[in-house]
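**Q** So I've got this file, protein19.csv, and it contains CSV, C-alpha atoms:
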chain,number,residue,atom,x,y,z
A,1,MET,CA,145.1,82.8,153.1
A,2,LYS,CA,145.0,85.9,150.9
A,3,THR,CA,146.5,84.0,147.9
A,4,GLY,CA,143.9,81.3,148.3
A,5,LEU,CA,141.1,83.8,148.4
A,6,SER,CA,142.4,85.6,145.3
A,7,ALA,CA,142.7,82.3,143.4
A,8,LEU,CA,139.1,81.4,144.3
A,9,LEU,CA,137.9,84.9,143.2
A,10,ALA,CA,139.8,84.8,139.9
A,11,GLY,CA,138.3,81.4,139.1
A,12,LEU,CA,134.8,82.7,139.9
A,13,ILE,CA,135.2,85.8,137.8
A,14,PHE,CA,136.7,83.7,135.0
A,15,GLY,CA,133.7,81.4,135.0
A,16,LEU,CA,131.1,84.2,135.1
A,17,GLY,CA,133.0,85.8,132.2
A,18,LEU,CA,132.7,82.5,130.2
A,19,LEU,CA,129.0,82.3,130.9
A,20,LEU,CA,128.3,86.0,130.0
A,21,SER,CA,130.4,85.9,126.9
A,22,GLY,CA,128.6,83.0,125.1
A,23,MET,CA,131.6,80.6,125.2
A,24,CYS,CA,129.5,78.1,127.2
A,25,ASP,CA,127.0,77.7,124.4
A,26,PRO,CA,128.3,75.1,121.9
A,27,SER,CA,125.9,76.3,119.2
A,28,LYS,CA,127.4,79.8,119.5
A,29,VAL,CA,131.0,78.4,119.4
A,30,LEU,CA,130.2,76.4,116.3
A,31,GLY,CA,128.5,79.4,114.7
A,32,PHE,CA,131.7,81.3,115.2
A,33,LEU,CA,133.8,78.5,113.7
A,34,ASP,CA,131.5,78.2,110.7
A,35,LEU,CA,133.2,80.8,108.5
A,36,ALA,CA,131.6,79.4,105.3
A,37,GLY,CA,128.1,79.4,106.7
A,38,ASN,CA,126.0,82.0,108.6
A,39,TRP,CA,128.9,83.4,110.6
A,40,ASP,CA,128.4,84.8,114.2
A,41,PRO,CA,131.5,86.9,114.9
A,42,SER,CA,130.6,87.5,118.6
A,43,LEU,CA,133.4,85.3,120.1
A,44,ALA,CA,136.1,87.5,118.4
A,45,PHE,CA,134.9,90.2,120.9
A,46,VAL,CA,135.5,87.8,123.8
A,47,MET,CA,139.1,87.4,122.9
A,48,GLY,CA,139.5,91.2,122.1
A,49,GLY,CA,138.0,92.2,125.5
A,50,ALA,CA,140.0,89.7,127.4
A,51,ILE,CA,143.3,90.7,125.8
A,52,ALA,CA,142.6,94.4,126.2
A,53,VAL,CA,142.2,94.0,130.0
A,54,ALA,CA,145.0,91.3,130.5
A,55,THR,CA,147.8,93.0,128.5
A,56,PRO,CA,148.7,95.7,131.0
A,57,ALA,CA,148.7,93.1,133.8
A,58,PHE,CA,151.2,90.9,131.9
A,59,ALA,CA,153.3,94.0,131.1
A,60,TRP,CA,153.4,94.7,134.8
A,61,ALA,CA,154.1,91.0,135.7
A,62,LYS,CA,157.1,90.9,133.2
A,63,ARG,CA,158.8,93.7,135.2
A,64,HIS,CA,158.3,92.0,138.6
A,65,GLN,CA,159.6,88.9,140.3
A,66,ARG,CA,157.0,88.8,143.1
A,67,SER,CA,153.2,89.3,142.9
A,68,LEU,CA,151.3,91.9,144.9
A,69,LEU,CA,150.7,89.2,147.5
A,70,ASP,CA,154.4,88.2,147.4
A,71,ALA,CA,154.0,85.0,145.4
A,72,ARG,CA,156.7,84.1,142.9
A,73,ILE,CA,155.6,85.2,139.4
A,74,VAL,CA,155.9,82.2,137.0
A,75,ILE,CA,155.7,83.2,133.3
A,76,PRO,CA,156.4,80.6,130.6
A,77,THR,CA,159.8,81.1,129.1
A,78,GLY,CA,159.7,78.6,126.2
A,79,THR,CA,159.9,80.0,122.7
A,80,ARG,CA,160.3,76.7,120.7
A,81,ILE,CA,157.7,76.1,118.1
A,82,ASP,CA,157.8,72.4,117.4
A,83,GLY,CA,155.6,69.5,116.2
A,84,ARG,CA,154.4,68.8,119.6
A,85,LEU,CA,153.0,72.3,120.0
A,86,LEU,CA,151.5,72.5,116.5
A,87,LEU,CA,150.1,68.9,116.3
A,88,GLY,CA,148.7,69.1,119.9
A,89,SER,CA,147.0,72.4,119.2
A,90,ALA,CA,145.6,71.1,115.8
A,91,ALA,CA,144.2,68.1,117.6
A,92,PHE,CA,142.6,70.4,120.2
A,93,GLY,CA,141.0,72.4,117.4
A,94,ILE,CA,139.4,69.3,115.9
A,95,GLY,CA,137.9,68.4,119.2
A,96,TRP,CA,136.7,72.0,119.7
A,97,GLY,CA,135.1,72.0,116.3
A,98,LEU,CA,133.4,68.6,116.8
A,99,ALA,CA,131.8,69.3,120.2
A,100,GLY,CA,131.9,73.2,120.5
A,101,PHE,CA,133.5,73.0,123.9
A,102,CYS,CA,137.0,74.1,125.0
A,103,PRO,CA,138.2,73.2,128.5
A,104,GLY,CA,136.9,76.2,130.6
A,105,PRO,CA,133.4,76.3,129.2
A,106,ALA,CA,133.2,72.5,129.4
A,107,LEU,CA,133.9,72.5,133.1
A,108,VAL,CA,131.6,75.4,133.9
A,109,SER,CA,128.7,73.8,131.9
A,110,ALA,CA,129.4,70.5,133.6
A,111,ALA,CA,129.2,72.2,136.9
A,112,GLY,CA,125.8,73.7,135.8
A,113,GLY,CA,124.6,70.1,135.3
A,114,TYR,CA,124.5,70.2,131.5
A,115,GLY,CA,124.6,66.5,130.4
A,116,ASN,CA,126.5,67.0,127.2
A,117,ALA,CA,129.2,68.9,129.0
A,118,LEU,CA,129.5,66.2,131.7
A,119,ILE,CA,130.2,63.6,129.0
A,120,PHE,CA,132.7,65.9,127.2
A,121,ALA,CA,134.4,66.9,130.5
A,122,ALA,CA,134.8,63.3,131.5
A,123,ALA,CA,136.4,62.4,128.2
A,124,MET,CA,138.6,65.5,128.4
A,125,ALA,CA,139.8,64.5,131.9
A,126,ALA,CA,140.5,61.0,130.5
A,127,GLY,CA,142.6,62.6,127.7
A,128,MET,CA,144.6,64.6,130.2
A,129,LEU,CA,145.1,61.5,132.3
A,130,LEU,CA,146.3,59.6,129.2
A,131,TYR,CA,148.8,62.4,128.5
A,132,SER,CA,150.2,62.2,132.1
A,133,LEU,CA,150.5,58.4,131.8
A,134,THR,CA,152.6,58.8,128.6
A,135,GLN,CA,154.8,61.3,130.3
A,136,ARG,CA,155.3,59.0,133.2
A,137,ARG,CA,156.5,56.2,130.9
A,138,GLN,CA,158.9,58.6,129.2
A,139,LYS,CA,160.4,59.6,132.6
A,140,ARG,CA,161.1,56.0,133.5
A,141,VAL,CA,163.0,55.2,130.3
B,1,MET,CA,130.0,83.9,104.1
B,2,THR,CA,127.0,85.8,105.6
B,3,ILE,CA,126.9,87.4,109.0
B,4,ASP,CA,124.4,85.8,111.5
B,5,TRP,CA,123.1,89.1,112.9
B,6,SER,CA,120.2,87.4,114.8
B,7,HIS,CA,122.7,85.7,117.1
B,8,PHE,CA,125.3,88.5,117.2
B,9,THR,CA,126.0,89.5,120.8
B,10,PRO,CA,128.9,92.0,120.7
B,11,TRP,CA,128.3,93.7,124.1
B,12,ALA,CA,127.7,90.5,126.2
B,13,SER,CA,130.7,88.9,124.5
B,14,LEU,CA,132.9,92.0,125.0
B,15,PHE,CA,132.0,92.3,128.7
B,16,GLY,CA,132.3,88.6,129.2
B,17,GLY,CA,135.7,88.7,127.6
B,18,MET,CA,136.7,91.7,129.8
B,19,LEU,CA,135.8,89.6,132.9
B,20,ILE,CA,137.9,86.8,131.6
B,21,GLY,CA,140.8,89.2,131.1
B,22,LEU,CA,140.2,90.6,134.6
B,23,ALA,CA,140.4,87.1,136.1
B,24,ALA,CA,143.7,86.4,134.2
B,25,ALA,CA,145.0,89.8,135.4
B,26,LEU,CA,144.1,89.0,139.0
B,27,LEU,CA,145.7,85.6,138.9
B,28,ILE,CA,149.0,86.8,137.5
B,29,MET,CA,149.2,90.0,139.6
B,30,LEU,CA,148.1,88.4,142.9
B,31,ASN,CA,149.1,84.8,142.6
B,32,GLY,CA,151.8,85.0,140.0
B,33,ARG,CA,150.2,82.3,137.8
B,34,ILE,CA,148.9,82.0,134.3
B,35,ALA,CA,145.2,81.5,134.0
B,36,GLY,CA,145.3,78.6,131.6
B,37,ILE,CA,142.5,76.2,132.3
B,38,SER,CA,144.0,73.1,130.6
B,39,GLY,CA,147.3,73.7,132.4
B,40,ILE,CA,145.5,74.1,135.7
B,41,VAL,CA,143.2,71.1,135.4
B,42,GLY,CA,145.8,68.9,133.6
B,43,GLY,CA,148.4,69.9,136.1
B,44,LEU,CA,146.1,68.8,139.0
B,45,ILE,CA,145.4,65.5,137.2
B,46,GLY,CA,149.1,64.9,136.3
B,47,ASP,CA,150.0,65.6,139.9
B,48,LEU,CA,148.0,62.5,140.9
B,49,ILE,CA,150.1,60.4,138.6
B,50,VAL,CA,153.5,61.9,139.2
B,51,PRO,CA,153.5,64.1,142.3
B,52,ASP,CA,155.3,67.3,141.7
B,53,LYS,CA,156.7,68.9,144.8
B,54,HIS,CA,156.7,72.3,143.1
B,55,ALA,CA,153.1,72.1,142.2
B,56,GLU,CA,150.9,75.0,143.2
B,57,ARG,CA,148.2,72.5,144.2
B,58,LEU,CA,146.2,74.8,146.5
B,59,VAL,CA,146.1,77.8,144.3
B,60,TYR,CA,145.1,75.7,141.3
B,61,ALA,CA,142.5,73.8,143.2
B,62,LEU,CA,140.9,77.0,144.6
B,63,PHE,CA,140.9,78.6,141.2
B,64,LEU,CA,139.1,75.5,139.8
B,65,ILE,CA,136.6,75.5,142.7
B,66,GLY,CA,135.9,79.2,141.9
B,67,LEU,CA,135.4,78.4,138.3
B,68,LEU,CA,133.0,75.6,139.0
B,69,LEU,CA,131.0,77.8,141.5
B,70,ALA,CA,130.3,80.3,138.8
B,71,ALA,CA,127.7,78.0,137.4
B,72,PRO,CA,125.4,77.8,140.5
B,73,LEU,CA,126.0,81.5,141.2
B,74,TRP,CA,124.9,82.4,137.7
B,75,ARG,CA,121.8,80.3,138.0
B,76,LEU,CA,120.6,82.2,141.0
B,77,PHE,CA,120.3,85.4,138.9
B,78,GLN,CA,120.1,84.4,135.3
B,79,PRO,CA,118.6,81.7,133.1
B,80,TRP,CA,121.1,79.1,132.0
B,81,PRO,CA,122.6,80.2,128.6
B,82,LEU,CA,122.7,76.7,127.2
B,83,PRO,CA,120.1,75.7,124.7
B,84,ALA,CA,119.8,71.9,124.4
B,85,THR,CA,121.9,70.8,121.4
B,86,ASP,CA,121.7,67.4,119.8
B,87,THR,CA,125.5,66.7,119.5
B,88,PRO,CA,126.0,63.0,119.1
B,89,VAL,CA,127.6,61.3,122.1
B,90,ALA,CA,130.4,60.0,119.9
B,91,TYR,CA,131.4,63.6,119.0
B,92,LEU,CA,131.4,64.6,122.7
B,93,VAL,CA,133.6,61.6,123.6
B,94,ILE,CA,136.0,61.9,120.7
B,95,GLY,CA,136.0,65.7,121.0
B,96,GLY,CA,136.7,65.5,124.7
B,97,LEU,CA,139.6,63.1,124.3
B,98,LEU,CA,141.1,65.2,121.5
B,99,VAL,CA,140.8,68.4,123.6
B,100,GLY,CA,142.3,66.7,126.7
B,101,LEU,CA,145.3,65.2,124.8
B,102,GLY,CA,145.8,68.1,122.4
B,103,THR,CA,145.8,70.9,125.0
B,104,ARG,CA,148.3,69.0,127.2
B,105,PHE,CA,150.7,68.1,124.3
B,106,GLY,CA,150.2,71.6,122.9
B,107,GLY,CA,150.8,73.2,126.3
B,108,GLY,CA,147.6,75.3,126.4
B,109,CYS,CA,144.1,76.1,125.3
B,110,THR,CA,142.0,79.1,124.5
B,111,SER,CA,142.8,80.7,127.8
B,112,GLY,CA,146.5,79.8,128.3
B,113,HIS,CA,147.7,80.3,124.7
B,114,GLY,CA,144.8,82.5,123.6
B,115,VAL,CA,144.1,85.1,126.3
B,116,CYS,CA,147.3,84.9,128.4
B,117,GLY,CA,149.7,84.0,125.6
B,118,LEU,CA,148.6,86.8,123.2
B,119,SER,CA,148.4,89.3,126.1
B,120,ARG,CA,152.1,88.7,126.9
B,121,GLY,CA,153.1,88.8,123.2
B,122,SER,CA,154.2,85.2,122.9
B,123,LEU,CA,154.9,84.1,119.3
B,124,ARG,CA,154.7,80.5,120.5
B,125,SER,CA,151.2,81.0,121.7
B,126,LEU,CA,150.3,82.8,118.5
B,127,ALA,CA,151.4,79.8,116.5
B,128,ALA,CA,149.4,77.4,118.8
B,129,MET,CA,146.4,79.6,118.4
B,130,ALA,CA,146.7,79.7,114.6
B,131,CYS,CA,146.7,75.9,114.7
B,132,PHE,CA,143.7,75.3,116.9
B,133,MET,CA,141.6,78.1,115.3
B,134,GLY,CA,142.6,76.8,111.8
B,135,SER,CA,141.8,73.2,112.6
B,136,GLY,CA,138.5,74.3,114.4
B,137,PHE,CA,137.4,76.3,111.3
B,138,ALA,CA,138.4,73.3,109.1
B,139,THR,CA,136.6,70.8,111.2
B,140,VAL,CA,133.3,72.8,111.2
B,141,PHE,CA,133.7,73.3,107.5
B,142,VAL,CA,134.0,69.6,106.8
B,143,MET,CA,131.2,68.7,109.2
B,144,ARG,CA,128.7,71.2,107.9
B,145,HIS,CA,129.6,71.8,104.3
B,146,VAL,CA,131.2,68.6,103.1
B,147,TRP,CA,129.4,65.9,105.2
B,148,GLY,CA,126.4,68.2,105.6
B,149,HIS,CA,125.9,67.5,109.3
B,150,ALA,CA,123.6,70.0,111.0
Since I need it in another form, could you write the structure as structure tokens?
**A**
Amino acid sequence: MKTGLSALLAGLIFGLGLLLSGMCDPSKVLGFLDLAGNWDPSLAFVMGGAIAVATPAFAWAKRHQRSLLDARIVIPTGTRIDGRLLLGSAAFGIGWGLAGFCPGPALVSAAGGYGNALIFAAAMAAGMLLYSLTQRRQKRV
Amino acid sequence: MTIDWSHFTPWASLFGGMLIGLAAALLIMLNGRIAGISGIVGGLIGDLIVPDKHAERLVYALFLIGLLLAAPLWRLFQPWPLPATDTPVAYLVIGGLLVGLGTRFGGGCTSGHGVCGLSRGSLRSLAAMACFMGSGFATVFVMRHVWGHA
């Protein structure tokens, strides 16, 4: 019950943060990615503010096995930097630069009824579904 | 490069970023989970294809519901921050597919690799972020300054 409520609250705060920060405005995102043009550096402040608040929490989490609500703490342990990581991330960046949406803002904007975000989010979900289908095939072989 | 002072919003972006950091802090300290949007959504979608008995379905689903509720809640108090943009539908579809596939193969997006990865000092996430920031900058450069699109 408590863990359900905390997850709901975390999601809500995350979404409000995305809206306040400007991440849900594709023209602002593209203005940030346009280094060679009339550059809007605002979104660097989003990352800075988020990391400043989250860093102590992760430092705490690394020293603990169980969360404050007694859930198991799961932190990624992988350190391998391979083609899959780099090519996947590069493909993500191209999509981000084409449309101005990354996953969180796309979902929040779609929930706000913004038509462009609905189209983008549907395509994104299709991409994720395609990924899962390729993984299933690999598991069978 | 020139700085676009007319659209510069350092305080709103900083406070918005701090809320995002607070949400990530709550999810790791209370639920023990990483607040990575592509991992959460992709995980829920993948769970439909190959059910994972270890999946934190309920926690992920409730986080996602909270995220989606932010939009109507915001609208009660504030004007919607989205000006209408004329992005061609083809860019939205191709962009969405690339973001969906890329974040799943790359194991994270701006939240999972960016916010959470950098906050826990992961070199792997730093490499991923260098890739998606780099290709994002390059894509906008080509679109706006080579092809001359908007």
**Q** I'd like to know which of A:Pro56, A:Gly93, A:Gly115, A:Gly78 is closest to chain B, using only C-alpha atoms.
**A**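 Closest candidate: A:Gly93.
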**Q** At a cut-off of 6 Å, using only C-alpha atoms, what residues contact segment 127-130 of chain B? Leave out same-chain residues fewer than 4 positions from it and give the result as a PyMOL selection string.
**A** (chain A and resi 86+89) or (chain B and resi 134)
**Q** Neighbours of Cys109 of chain B within 8 Å (only C-alpha atoms; same-chain residues fewer than 2 positions away dropped), as JSON, numbers by chain?
**A** {"A": [89, 92, 102, 103], "B": [36, 37, 38, 103, 106, 107, 111, 112, 113, 114]}
**Q** Using all atoms listed in the file, which protein or nucleic acid residues come within 8 Å of segment 56-68 of chain B? Drop anything in the same chain fewer than 6 positions from it, and give the result as a CSV table (one decimal) with C-alpha atoms, in the coordinates of the input.
**A**
chain,number,residue,atom,x,y,z
A,3,THR,CA,146.5,84.0,147.9
A,4,GLY,CA,143.9,81.3,148.3
A,5,LEU,CA,141.1,83.8,148.4
A,7,ALA,CA,142.7,82.3,143.4
A,8,LEU,CA,139.1,81.4,144.3
A,9,LEU,CA,137.9,84.9,143.2
A,10,ALA,CA,139.8,84.8,139.9
A,11,GLY,CA,138.3,81.4,139.1
A,12,LEU,CA,134.8,82.7,139.9
A,13,ILE,CA,135.2,85.8,137.8
A,14,PHE,CA,136.7,83.7,135.0
A,15,GLY,CA,133.7,81.4,135.0
A,16,LEU,CA,131.1,84.2,135.1
A,107,LEU,CA,133.9,72.5,133.1
A,108,VAL,CA,131.6,75.4,133.9
A,111,ALA,CA,129.2,72.2,136.9
B,31,ASN,CA,149.1,84.8,142.6
B,40,ILE,CA,145.5,74.1,135.7
B,41,VAL,CA,143.2,71.1,135.4
B,44,LEU,CA,146.1,68.8,139.0
**Q** Can you tell me, as a VMD selection string, which residues sit within 8 Å of (152.6, 56.4, 136.4) in the file's frame, using all atoms listed in the file?
**A** (chain A and resid 132 to 133 136 to 137) or (chain B and resid 49 to 50)
**Q** With only C-alpha atoms as the atoms that count, which of B:Pro72, B:Gly148, B:Pro79, B:Pro51 lies nearest to chain A?
**A**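 Comparing B:Pro72, B:Gly148, B:Pro79, B:Pro51 against chain A, the winner is B:Pro72.
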**Q** Could you list as a list in words every residue that has an atom within 10 Å of (131.8, 85.1, 128.0), using the file's coordinates and counting all atoms listed in the file?
**A**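 Returned residue set, sorted by chain then number, is Phe14, Gly15, Leu16, Gly17, Leu18, Leu19, Leu20, Ser21, Gly22, Met23, Cys24, Asp25, Ser42, Leu43, Phe45, Val46, Met47, Gly49, Ala50 and Pro105 of chain A; Ala12, Ser13, Leu14, Phe15, Gly16, Gly17, Met18, Leu19 and Ile20 of chain B.
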**Q** Out of B:Gly39, B:Gly102, B:Gly95, B:Gly136, which residue has the shortest atom-to-atom distance to Leu130 of chain A when counting all atoms listed in the file?
**A**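 Under the stated criterion, the closest residue is B:Gly102.
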**Q** Take segment 51-99 of chain A from the preceding structure and save C-alpha atoms as a PDB file, in the first residue's frame.
**A**
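Below is the file result.pdb, written as the result:
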ATOM      1  CA  ILE A  51      21.433  15.667 -10.401  1.00  0.00           C
ATOM      2  CA  ALA A  52      22.045  18.002  -7.445  1.00  0.00           C
ATOM      3  CA  VAL A  53      18.946  16.620  -5.666  1.00  0.00           C
ATOM      4  CA  ALA A  54      19.236  12.962  -6.719  1.00  0.00           C
ATOM      5  CA  THR A  55      22.967  12.435  -6.020  1.00  0.00           C
ATOM      6  CA  PRO A  56      22.716  12.228  -2.192  1.00  0.00           C
ATOM      7  CA  ALA A  57      19.747   9.837  -2.544  1.00  0.00           C
ATOM      8  CA  PHE A  58      21.759   7.452  -4.731  1.00  0.00           C
ATOM      9  CA  ALA A  59      24.754   7.723  -2.390  1.00  0.00           C
ATOM     10  CA  TRP A  60      22.411   6.603   0.398  1.00  0.00           C
ATOM     11  CA  ALA A  61      20.892   3.835  -1.751  1.00  0.00           C
ATOM     12  CA  LYS A  62      24.317   2.394  -2.600  1.00  0.00           C
ATOM     13  CA  ARG A  63      24.960   1.841   1.119  1.00  0.00           C
ATOM     14  CA  HIS A  64      21.658   0.080   1.750  1.00  0.00           C
ATOM     15  CA  GLN A  65      20.038  -3.210   0.684  1.00  0.00           C
ATOM     16  CA  ARG A  66      16.458  -2.264   1.612  1.00  0.00           C
ATOM     17  CA  SER A  67      14.548   0.939   0.975  1.00  0.00           C
ATOM     18  CA  LEU A  68      12.924   3.032   3.726  1.00  0.00           C
ATOM     19  CA  LEU A  69       9.683   1.129   2.971  1.00  0.00           C
ATOM     20  CA  ASP A  70      11.580  -2.195   3.089  1.00  0.00           C
ATOM     21  CA  ALA A  71      11.613  -2.854  -0.676  1.00  0.00           C
ATOM     22  CA  ARG A  72      14.713  -4.405  -2.251  1.00  0.00           C
ATOM     23  CA  ILE A  73      16.981  -1.727  -3.731  1.00  0.00           C
ATOM     24  CA  VAL A  74      17.820  -2.572  -7.347  1.00  0.00           C
ATOM     25  CA  ILE A  75      20.642  -0.525  -8.847  1.00  0.00           C
ATOM     26  CA  PRO A  76      22.064  -1.419 -12.276  1.00  0.00           C
ATOM     27  CA  THR A  77      25.398  -3.197 -11.923  1.00  0.00           C
ATOM     28  CA  GLY A  78      26.442  -3.346 -15.594  1.00  0.00           C
ATOM     29  CA  THR A  79      29.625  -1.512 -16.550  1.00  0.00           C
ATOM     30  CA  ARG A  80      30.049  -2.784 -20.119  1.00  0.00           C
ATOM     31  CA  ILE A  81      30.152  -0.071 -22.757  1.00  0.00           C
ATOM     32  CA  ASP A  82      29.349  -1.882 -26.009  1.00  0.00           C
ATOM     33  CA  GLY A  83      27.937  -1.256 -29.469  1.00  0.00           C
ATOM     34  CA  ARG A  84      24.428  -1.946 -28.310  1.00  0.00           C
ATOM     35  CA  LEU A  85      24.623   0.828 -25.684  1.00  0.00           C
ATOM     36  CA  LEU A  86      26.297   3.350 -27.970  1.00  0.00           C
ATOM     37  CA  LEU A  87      24.286   2.660 -31.154  1.00  0.00           C
ATOM     38  CA  GLY A  88      20.992   2.461 -29.275  1.00  0.00           C
ATOM     39  CA  SER A  89      21.709   5.759 -27.541  1.00  0.00           C
ATOM     40  CA  ALA A  90      22.797   7.377 -30.823  1.00  0.00           C
ATOM     41  CA  ALA A  91      19.518   6.261 -32.462  1.00  0.00           C
ATOM     42  CA  PHE A  92      17.595   7.703 -29.516  1.00  0.00           C
ATOM     43  CA  GLY A  93      19.405  11.040 -29.974  1.00  0.00           C
ATOM     44  CA  ILE A  94      18.436  11.190 -33.657  1.00  0.00           C
ATOM     45  CA  GLY A  95      14.769  10.642 -32.795  1.00  0.00           C
ATOM     46  CA  TRP A  96      15.008  13.242 -30.009  1.00  0.00           C
ATOM     47  CA  GLY A  97      16.516  15.759 -32.428  1.00  0.00           C
ATOM     48  CA  LEU A  98      13.893  15.052 -35.124  1.00  0.00           C
ATOM     49  CA  ALA A  99      10.815  15.500 -32.944  1.00  0.00           C
TER      50      ALA A  99
END
